[in-house]
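Coordinates as given in work14.cif (mmCIF, C-alpha atoms):
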data_entry
loop_
_atom_site.label_atom_id
_atom_site.label_comp_id
_atom_site.auth_asym_id
_atom_site.auth_seq_id
_atom_site.Cartn_x
_atom_site.Cartn_y
_atom_site.Cartn_z
CA PHE A 18 9.68 -1.91 0.35
CA GLN A 19 6.27 -0.77 1.56
CA LYS A 20 5.35 2.61 0.12
CA ALA A 21 4.46 3.00 -3.53
CA ASN A 22 7.62 4.79 -4.66
CA ASP A 23 9.81 2.33 -2.77
CA ILE A 24 8.05 -0.58 -4.46
CA ALA A 25 8.60 1.04 -7.86
CA ASP A 26 12.29 1.53 -7.00
CA GLY A 27 12.63 -2.12 -5.97
CA LEU A 28 10.85 -3.33 -9.09
CA ALA A 29 13.35 -1.39 -11.21
CA PHE A 30 15.84 -4.19 -10.52
CA VAL A 31 13.66 -6.76 -12.29
CA TRP A 32 11.22 -4.77 -14.46
CA PRO A 33 12.40 -2.08 -16.88
CA GLU A 34 8.95 -0.48 -17.26
CA LYS A 35 9.18 3.27 -16.52
CA HIS A 36 5.58 3.88 -15.47
CA LYS A 37 5.13 0.95 -13.14
CA TRP A 38 2.17 2.26 -11.14
CA GLN A 39 0.21 3.06 -14.29
CA HIS A 40 0.42 -0.61 -15.26
CA ILE A 41 -0.17 -1.90 -11.72
CA SER A 42 -3.18 0.36 -11.22
CA LEU A 43 -4.63 -0.61 -14.59
CA ALA A 44 -4.48 -4.24 -13.48
CA LEU A 45 -6.18 -3.20 -10.22
CA GLY A 46 -8.88 -1.28 -12.09
CA ILE A 47 -8.15 2.10 -10.47
CA ASP A 48 -6.03 5.08 -11.44
CA ALA A 49 -2.36 5.26 -10.45
CA LYS A 50 -2.75 8.19 -8.05
CA GLN A 51 -5.56 6.43 -6.17
CA ALA A 52 -3.64 3.12 -6.06
CA LYS A 53 -0.53 4.75 -4.62
CA LEU A 54 -2.49 6.89 -2.16
CA LYS A 55 -4.35 3.85 -0.82
CA LEU A 56 -1.14 1.85 -0.41
CA ASN A 57 0.68 4.75 1.26
CA SER A 58 -2.26 5.22 3.62
CA ILE A 59 -2.07 1.55 4.58
CA CYS A 60 1.68 1.94 5.20
CA SER A 61 1.12 4.99 7.39
CA ARG A 62 -1.44 3.10 9.46
CA ARG A 63 0.97 0.17 9.76
CA ASP A 64 3.66 2.57 11.00
CA ALA A 65 1.23 3.98 13.60
CA ILE A 66 0.45 0.48 14.82
CA VAL A 67 4.08 -0.58 15.06
CA HIS A 68 5.67 2.61 16.36
CA ASN A 69 2.89 4.20 18.38
CA ALA A 70 0.74 1.22 19.40
CA ASP A 71 -1.97 2.74 17.14
CA TYR A 72 -2.62 5.32 19.85
CA ASN A 73 -4.36 8.58 18.87
CA ASP A 74 -2.69 11.46 20.71
CA VAL A 75 -5.68 13.75 20.13
CA THR A 76 -8.34 11.49 21.65
CA ASP A 77 -6.08 9.60 24.07
CA LYS A 78 -7.56 6.35 22.76
CA LEU A 79 -6.56 3.53 20.49
CA ARG A 80 -7.74 3.86 16.91
CA ASP A 81 -10.50 1.50 15.80
CA CYS A 82 -9.41 -1.52 13.81
CA SER A 83 -12.23 -3.73 12.63
CA ARG A 84 -11.98 -7.17 11.12
CA ALA A 85 -13.58 -5.81 7.91
CA ASP A 86 -10.98 -3.03 7.64
CA THR A 87 -8.20 -5.53 8.19
CA GLN A 88 -9.58 -7.91 5.56
CA SER A 89 -9.90 -5.03 3.09
CA VAL A 90 -6.21 -4.20 3.57
CA VAL A 91 -5.16 -7.84 3.19
CA ASP A 92 -7.22 -8.13 0.00
CA TYR A 93 -5.76 -4.92 -1.46
CA ILE A 94 -2.16 -5.95 -0.73
CA SER A 95 -2.87 -9.38 -2.20
CA ASP A 96 -4.31 -7.76 -5.33
CA ILE A 97 -1.21 -5.57 -5.69
CA VAL A 98 1.09 -8.57 -5.34
CA SER A 99 -0.93 -10.60 -7.85
CA SER A 100 -0.94 -7.68 -10.30
CA ILE A 101 2.81 -7.19 -10.02
CA ASP A 102 3.42 -10.91 -10.39
CA GLY A 103 1.30 -11.01 -13.53
CA LEU A 104 3.03 -7.99 -15.02
CA VAL A 105 6.62 -8.93 -14.20
CA SER A 106 6.40 -12.67 -14.90
#

Target encoding structure tokens, full file:
Amino acid sequence: FQKANDIADGLAFVWPEKHKWQHISLALGIDAKQAKLKLNSICSRRDAIVHNADYNDVTDKLRDCSRADTQSVVDYISDIVSSIDGLVS
């Protein structure tokens, strides 16, 4: 489960809340649409890295991937996990 809707579907097995991303995003301090969009963007980038070696077909170059960008993604995923844990526990 990586994308926002898939995570909500998986959480349905252990958390009966209907509007899961509204609660998760509130814990994150952003609105639900923004929270899901950011996560789905991270998942799309992950897919590009895994399935296309992060190669940009338009520029014929690898996409940039800085340490700061990577840390930002790790922090965001960690925040999502912590929020879900706090809400479901």

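Taking all atoms listed in the file into account, Val98 (chain A) lies nearest to A:Ser42 out of the set A:Asn22, A:Asn73, A:Ser42, A:Ser83.
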
If you apply the PyMOL selection byres ((chain A and resi 60-67) around 12) to this file, what residues do you get, as an mmCIF file with C-alpha atoms, keeping the file's coordinate frame?
data_model
loop_
_atom_site.group_PDB
_atom_site.id
_atom_site.type_symbol
_atom_site.label_atom_id
_atom_site.label_comp_id
_atom_site.auth_asym_id
_atom_site.auth_seq_id
_atom_site.Cartn_x
_atom_site.Cartn_y
_atom_site.Cartn_z
ATOM 1 C CA PHE A 18 9.680 -1.910 0.350
ATOM 2 C CA GLN A 19 6.270 -0.770 1.560
ATOM 3 C CA LYS A 20 5.350 2.610 0.120
ATOM 4 C CA ALA A 21 4.460 3.000 -3.530
ATOM 5 C CA ASN A 22 7.620 4.790 -4.660
ATOM 6 C CA ASP A 23 9.810 2.330 -2.770
ATOM 7 C CA ILE A 24 8.050 -0.580 -4.460
ATOM 8 C CA LYS A 53 -0.530 4.750 -4.620
ATOM 9 C CA LEU A 54 -2.490 6.890 -2.160
ATOM 10 C CA LYS A 55 -4.350 3.850 -0.820
ATOM 11 C CA LEU A 56 -1.140 1.850 -0.410
ATOM 12 C CA ASN A 57 0.680 4.750 1.260
ATOM 13 C CA SER A 58 -2.260 5.220 3.620
ATOM 14 C CA ILE A 59 -2.070 1.550 4.580
ATOM 15 C CA HIS A 68 5.670 2.610 16.360
ATOM 16 C CA ASN A 69 2.890 4.200 18.380
ATOM 17 C CA ALA A 70 0.740 1.220 19.400
ATOM 18 C CA ASP A 71 -1.970 2.740 17.140
ATOM 19 C CA TYR A 72 -2.620 5.320 19.850
ATOM 20 C CA ASN A 73 -4.360 8.580 18.870
ATOM 21 C CA ASP A 74 -2.690 11.460 20.710
ATOM 22 C CA LEU A 79 -6.560 3.530 20.490
ATOM 23 C CA ARG A 80 -7.740 3.860 16.910
ATOM 24 C CA ASP A 81 -10.500 1.500 15.800
ATOM 25 C CA CYS A 82 -9.410 -1.520 13.810
ATOM 26 C CA ASP A 86 -10.980 -3.030 7.640
ATOM 27 C CA THR A 87 -8.200 -5.530 8.190
ATOM 28 C CA VAL A 90 -6.210 -4.200 3.570
ATOM 29 C CA ILE A 94 -2.160 -5.950 -0.730
#

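Pairwise distance (CA of Gly103 (chain A), CA of Lys37 (chain A)) equals 12.6 Å.
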
Taking all atoms of region 37-48 of chain A that the file lists and extending 3 Å past them on each side, where is the centre of the axis-aligned box and how long are its edges? Answer in Å to one decimal, as AutoDock Vina command-line options.
--center_x -1.9 --center_y 0.4 --center_z -12.7 --size_x 20.0 --size_y 15.3 --size_z 11.0

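You will find CA of Ser89 (chain A) at 21.7 Å from CA of Gln39 (chain A).
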
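Here CA of His40 (chain A) and CA of Asp96 (chain A) stand 13.1 Å from one another.
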
Report task. Can you pull out every residue within 12 Å of Pro33 (chain A), counting all atoms listed in the file, but drop anything in the same chain fewer than 5 positions away, and send it as number ranges by chain? Result -> A: 25-28, 104-105

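The smallest atom-to-atom distance between Ser95 (chain A) and any of A:Lys50, A:Leu45, A:His36, A:Ala29, using only C-alpha atoms, is found for A:Leu45.
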
Query raised in the report: Which residue out of A:Asp48, A:Ala85, A:Tyr93, A:Ile101 has the minimum interatomic distance to Glu34 (chain A) when only C-alpha atoms are used?
Result: A:Ile101
